[in-house]
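Colleague: Provided herewith is a single structure, encoded as structure tokens, for subsequent inquiry.
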There are 2 protein chains.
Amino acid sequence: MLKELRKSPGGRAARIVAELTEAIHEHRMAPGMKLGEDEVCEIFGVGRTVTRQAFQMLAHEQLLTIEPNRGAFVAQPSIREAREVFEARALLEPRTAHSAATRATPEDIETLRTHVTQEHAALAAGQNGQALKLSGKFHLEIAAIADQGTIAEIIRQLVSRSSLVIALYWRRRSAMCESHAHDALIDALSAQDAPLAEELMQGHLVDLLSLLDLHEPSDAPKSLHEALGR
Amino acid sequence: MLKELRKSPGGRAARIVAELTEAIHEHRMAPGMKLGEDEVCEIFGVGRTVTRQAFQMLAHEQLLTIEPNRGAFVAQPSIREAREVFEARALLEPRTAHSAATRATPEDIETLRTHVTQEHAALAAGQNGQALKLSGKFHLEIAAIADQGTIAEIIRQLVSRSSLVIALYWRRRSAMCESHAHDALIDALSAQDAPLAEELMQGHLVDLLSLLDLHEPSDAPKSLHEALGR
DNA sequence: AAGAGCAAAATTGTATGCAATATATTTCAG
DNA sequence: CTGAAATATATTGCATACAATTTTGCTCTT
């Protein structure tokens, strides 16, 4: 009555999911990190039931891995999964960008431009995690413009997992991708040049993939890293 | 020790998910049907916690819809969602069939052939639900052959949802699709003819979509149906 | 002192009780 | 008899208590 009566049922779990997701996207939580139930319960002021629900949702999105009787850990996608995620994106996003180009309204373009501006700003300010999160949102907005909710949802999950892949396999620590691929994409969308948008998106994803180091270490460091992760 | 020590933790929820999923795939549970917690608890001999977990998983796969304080219902995809599911499949499966054609081993072909045999048998025996389930599995096996786990998982969810779409929007009640599209696909895979496989899959999905009745009723029956659904 | 075996502590899995919400039934005014 | 308000019933939301499992730390032997 006063300001807002209690969150609608299930809303608190969603809130935890949102906050943890954001933390993972911004690389504030590293892959392999353990999330204790009681810990999270205390932080958010809820019982274990709600925390458990949140963990399960995040596990289904493959942001967490739940090991029986051991707990929940931030997921560590394998090299194979990393490849697969980008292959799936390469299958979905170019066509989606094509579709978006045929439907983009001036307002859509405006939204995208302000978004990229924020992205560059974050990058300039050295806010790497923030920039990464914004970059992901950019891809999502294009999917939203294409007006295919189901495909957009799939892309959302893939972009989400990409954050983990990048955390694990990005080549250079400090140098974030300051390409203008997103700007070029906006231009294509703005010009309603669907084939160009499709091609640019395809190339952009290839570029991203090429910036990952997806080679099997094949010697000690791999197994050591693996051992530390668990 | 004796035969099998208790299901590993979380395994019971997975079992409930599996059984309910199968029931939905075989159209033994109709869209809109309510699933009471206590009811399911009693059937499977578990507490509400486990049932709740199962419901949540199924909700995330969009086989169930959980309405706050009301309960869980078998999902009723809207016409829009129905279209989107098939559009997503049209985006993913042809390329996946292409990929599968380049990798299919003789054993894979054999598996697929026995599978289609079962499918035809079920159809001949009038086991419509069973046939539908097998038909879905066929698409999954192709995705598995392509050896892209992530994409296969996405396709699995889409095929799963397709069962609901078919339950709601299939034109003719009794006449199941007795086309030989699957046979033709196997032939293409067997011949390693990737472009043909891709084209056949594309056409097959278009055929499926064309057999759905996705027109808005636009008058009373729609709202009535909607009202009954809730 | 190093390692295996064992006990203690911590953590997760599950059931269940209580509170909140929705649905069904009854009651009563018109 | 109709319709709405009020009560009763059933169902879900959540926290918590207890059981099962893992992990940690300790002891005792070699």
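To be explicit about the labels: the chains of the structure tokens are called A, B, and onward in the order shown, and within each one the residues are counted from 1, while ligands get numbers from 1 in the order they are shown.
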Neighbours of Ala167 in chain A within 8 Å (only C-alpha atoms (C1' of nucleotides); same-chain residues fewer than 3 positions away dropped), as a list in words?
Modeller: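 Using only C-alpha atoms (C1' of nucleotides), the neighbours found are His27, Ala30, Pro31, Ser163, Leu164 and Trp170 of chain A.
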Colleague: The selected residues should be written to file as a PDB file, in the first residue's frame (atoms: C-alpha atoms).
Modeller:
ATOM      1  CA  HIS A  27      33.372 -10.582 -14.761  1.00  0.00           C
ATOM      2  CA  ALA A  30      35.224 -15.661 -12.037  1.00  0.00           C
ATOM      3  CA  PRO A  31      34.469 -19.057 -13.541  1.00  0.00           C
ATOM      4  CA  SER A 163      30.723 -13.824 -21.181  1.00  0.00           C
ATOM      5  CA  LEU A 164      32.082 -16.892 -19.467  1.00  0.00           C
ATOM      6  CA  TRP A 170      40.230 -14.052 -24.033  1.00  0.00           C
TER       7      TRP A 170
END
Colleague: Which chain B residues are at most 7 Å from chain D (counting only C-alpha atoms (C1' of nucleotides)), as a PyMOL selection string?
Modeller: chain B and resi 69-71
Colleague: If we count only C-alpha atoms (C1' of nucleotides), what is near Ala191 in chain B at a cut-off of 10 Å, once residues fewer than 5 positions away on the same chain are taken out, given as a PyMOL selection string?
Modeller: chain B and resi 101-102+104+185-186+196-197
Colleague: Go ahead and write the residues just picked, C-alpha atoms, as an mmCIF file, in the first residue's frame.
Modeller:
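As a result, out.cif now contains:
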data_model
loop_
_atom_site.group_PDB
_atom_site.id
_atom_site.type_symbol
_atom_site.label_atom_id
_atom_site.label_comp_id
_atom_site.auth_asym_id
_atom_site.auth_seq_id
_atom_site.Cartn_x
_atom_site.Cartn_y
_atom_site.Cartn_z
ATOM 1 C CA ALA B 101 25.436 -35.256 -44.007
ATOM 2 C CA THR B 102 29.165 -34.650 -44.056
ATOM 3 C CA ALA B 104 27.156 -39.458 -40.903
ATOM 4 C CA LEU B 185 16.466 -37.280 -45.642
ATOM 5 C CA ILE B 186 18.159 -40.498 -44.649
ATOM 6 C CA LEU B 196 20.353 -31.992 -50.687
ATOM 7 C CA ALA B 197 19.978 -32.855 -47.010
#
Colleague: Within 12 Å of chain C, which residues of chain A are there when counting only C-alpha atoms (C1' of nucleotides)? Please give them as JSON, numbers by chain.
Modeller: {"A": [6, 8, 9, 35, 36, 37, 38, 39, 48, 49, 52, 66, 67, 68, 69, 70, 71, 72]}
Colleague: Can you pull out every residue within 8 Å of Val50 in chain B, counting only C-alpha atoms (C1' of nucleotides), but drop anything in the same chain fewer than 2 positions away, and send it as a VMD selection string?
Modeller: (chain B and resid 10 12 to 13 46 to 48 52 to 54) or (chain C and resid 14)
Colleague: Quick one: pick out all alpha helix (DSSP H) residues within range 150-225 of chain B from a backbone DSSP run and write them as a PDB file with C-alpha atoms, in the first residue's frame.
Modeller:
ATOM      1  CA  THR B 150      24.901 -26.810 -28.001  1.00  0.00           C
ATOM      2  CA  ILE B 151      22.890 -26.530 -31.178  1.00  0.00           C
ATOM      3  CA  ALA B 152      21.455 -29.994 -30.584  1.00  0.00           C
ATOM      4  CA  GLU B 153      20.264 -28.882 -27.178  1.00  0.00           C
ATOM      5  CA  ILE B 154      18.549 -25.861 -28.649  1.00  0.00           C
ATOM      6  CA  ILE B 155      16.888 -28.002 -31.277  1.00  0.00           C
ATOM      7  CA  ARG B 156      15.802 -30.419 -28.581  1.00  0.00           C
ATOM      8  CA  GLN B 157      13.917 -27.679 -26.812  1.00  0.00           C
ATOM      9  CA  LEU B 158      12.346 -26.441 -29.999  1.00  0.00           C
ATOM     10  CA  VAL B 159      11.247 -29.918 -31.035  1.00  0.00           C
ATOM     11  CA  SER B 160       9.861 -30.371 -27.570  1.00  0.00           C
ATOM     12  CA  ARG B 161       7.786 -27.246 -27.844  1.00  0.00           C
ATOM     13  CA  SER B 162       6.691 -28.320 -31.288  1.00  0.00           C
ATOM     14  CA  SER B 163       4.744 -31.134 -29.667  1.00  0.00           C
ATOM     15  CA  LEU B 164       2.612 -28.598 -27.907  1.00  0.00           C
ATOM     16  CA  VAL B 165       2.204 -26.553 -31.053  1.00  0.00           C
ATOM     17  CA  ILE B 166       1.051 -29.635 -32.914  1.00  0.00           C
ATOM     18  CA  ALA B 167      -1.334 -30.568 -30.139  1.00  0.00           C
ATOM     19  CA  LEU B 168      -2.928 -27.168 -30.388  1.00  0.00           C
ATOM     20  CA  TYR B 169      -2.830 -26.318 -34.049  1.00  0.00           C
ATOM     21  CA  ALA B 181      10.260 -36.977 -45.860  1.00  0.00           C
ATOM     22  CA  HIS B 182      12.337 -38.704 -43.223  1.00  0.00           C
ATOM     23  CA  ASP B 183      13.236 -41.517 -45.592  1.00  0.00           C
ATOM     24  CA  ALA B 184      14.348 -39.060 -48.224  1.00  0.00           C
ATOM     25  CA  LEU B 185      16.466 -37.280 -45.642  1.00  0.00           C
ATOM     26  CA  ILE B 186      18.159 -40.498 -44.649  1.00  0.00           C
ATOM     27  CA  ASP B 187      18.953 -41.208 -48.261  1.00  0.00           C
ATOM     28  CA  ALA B 188      20.568 -37.820 -48.633  1.00  0.00           C
ATOM     29  CA  LEU B 189      22.573 -38.300 -45.457  1.00  0.00           C
ATOM     30  CA  SER B 190      23.579 -41.752 -46.533  1.00  0.00           C
ATOM     31  CA  ALA B 194      24.927 -32.221 -47.817  1.00  0.00           C
ATOM     32  CA  PRO B 195      23.192 -29.605 -49.976  1.00  0.00           C
ATOM     33  CA  LEU B 196      20.353 -31.992 -50.687  1.00  0.00           C
ATOM     34  CA  ALA B 197      19.978 -32.855 -47.010  1.00  0.00           C
ATOM     35  CA  GLU B 198      19.834 -29.176 -46.191  1.00  0.00           C
ATOM     36  CA  GLU B 199      17.209 -28.522 -48.814  1.00  0.00           C
ATOM     37  CA  LEU B 200      15.130 -31.520 -47.812  1.00  0.00           C
ATOM     38  CA  MET B 201      15.145 -30.457 -44.185  1.00  0.00           C
ATOM     39  CA  GLN B 202      14.141 -26.976 -45.146  1.00  0.00           C
ATOM     40  CA  GLY B 203      11.278 -28.290 -47.217  1.00  0.00           C
ATOM     41  CA  HIS B 204      10.238 -30.711 -44.526  1.00  0.00           C
ATOM     42  CA  LEU B 205       9.915 -27.929 -41.993  1.00  0.00           C
ATOM     43  CA  VAL B 206       7.948 -25.804 -44.417  1.00  0.00           C
ATOM     44  CA  ASP B 207       5.621 -28.756 -44.954  1.00  0.00           C
ATOM     45  CA  LEU B 208       5.139 -29.202 -41.245  1.00  0.00           C
ATOM     46  CA  LEU B 209       4.365 -25.531 -40.786  1.00  0.00           C
ATOM     47  CA  SER B 210       1.873 -25.636 -43.646  1.00  0.00           C
ATOM     48  CA  ALA B 220     -15.676 -15.205 -29.958  1.00  0.00           C
ATOM     49  CA  PRO B 221     -14.253 -18.751 -30.016  1.00  0.00           C
ATOM     50  CA  LYS B 222     -10.792 -17.341 -29.476  1.00  0.00           C
ATOM     51  CA  SER B 223     -11.596 -15.453 -26.337  1.00  0.00           C
ATOM     52  CA  LEU B 224     -13.763 -18.312 -25.129  1.00  0.00           C
ATOM     53  CA  HIS B 225     -10.965 -20.761 -25.637  1.00  0.00           C
TER      54      HIS B 225
END
Colleague: Can you tell me, as a list in words, which residues in range 7-199 of chain A count as strand (DSSP E) by DSSP?
Modeller: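 The strand (DSSP E) subset of range 7-199 of chain A is Lys34, Leu35, Leu64, Thr65, Ile66, Glu67, Gly71, Ala72, Phe73 and Val74 of chain A.
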Colleague: Can you work out which one of A:Phe73, A:Phe55, A:Phe44, A:Phe138 has the shortest atom-to-atom distance to chain B, counting only C-alpha atoms?
Modeller: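 Using only C-alpha atoms, chain B sits closest to A:Phe55.
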Colleague: As number ranges by chain, please: the residues near Ala23 in chain A (cut-off 10 Å, only C-alpha atoms (C1' of nucleotides), same-chain neighbours under 5 positions excluded).
Modeller: A: 17-18, 28-30, 129-130, 133
Colleague: Which residue, B:Ala131, B:Ala122, B:Ala146, B:Ile24, has the smallest gap to chain A when you use only C-alpha atoms?
Modeller: B:Ala146
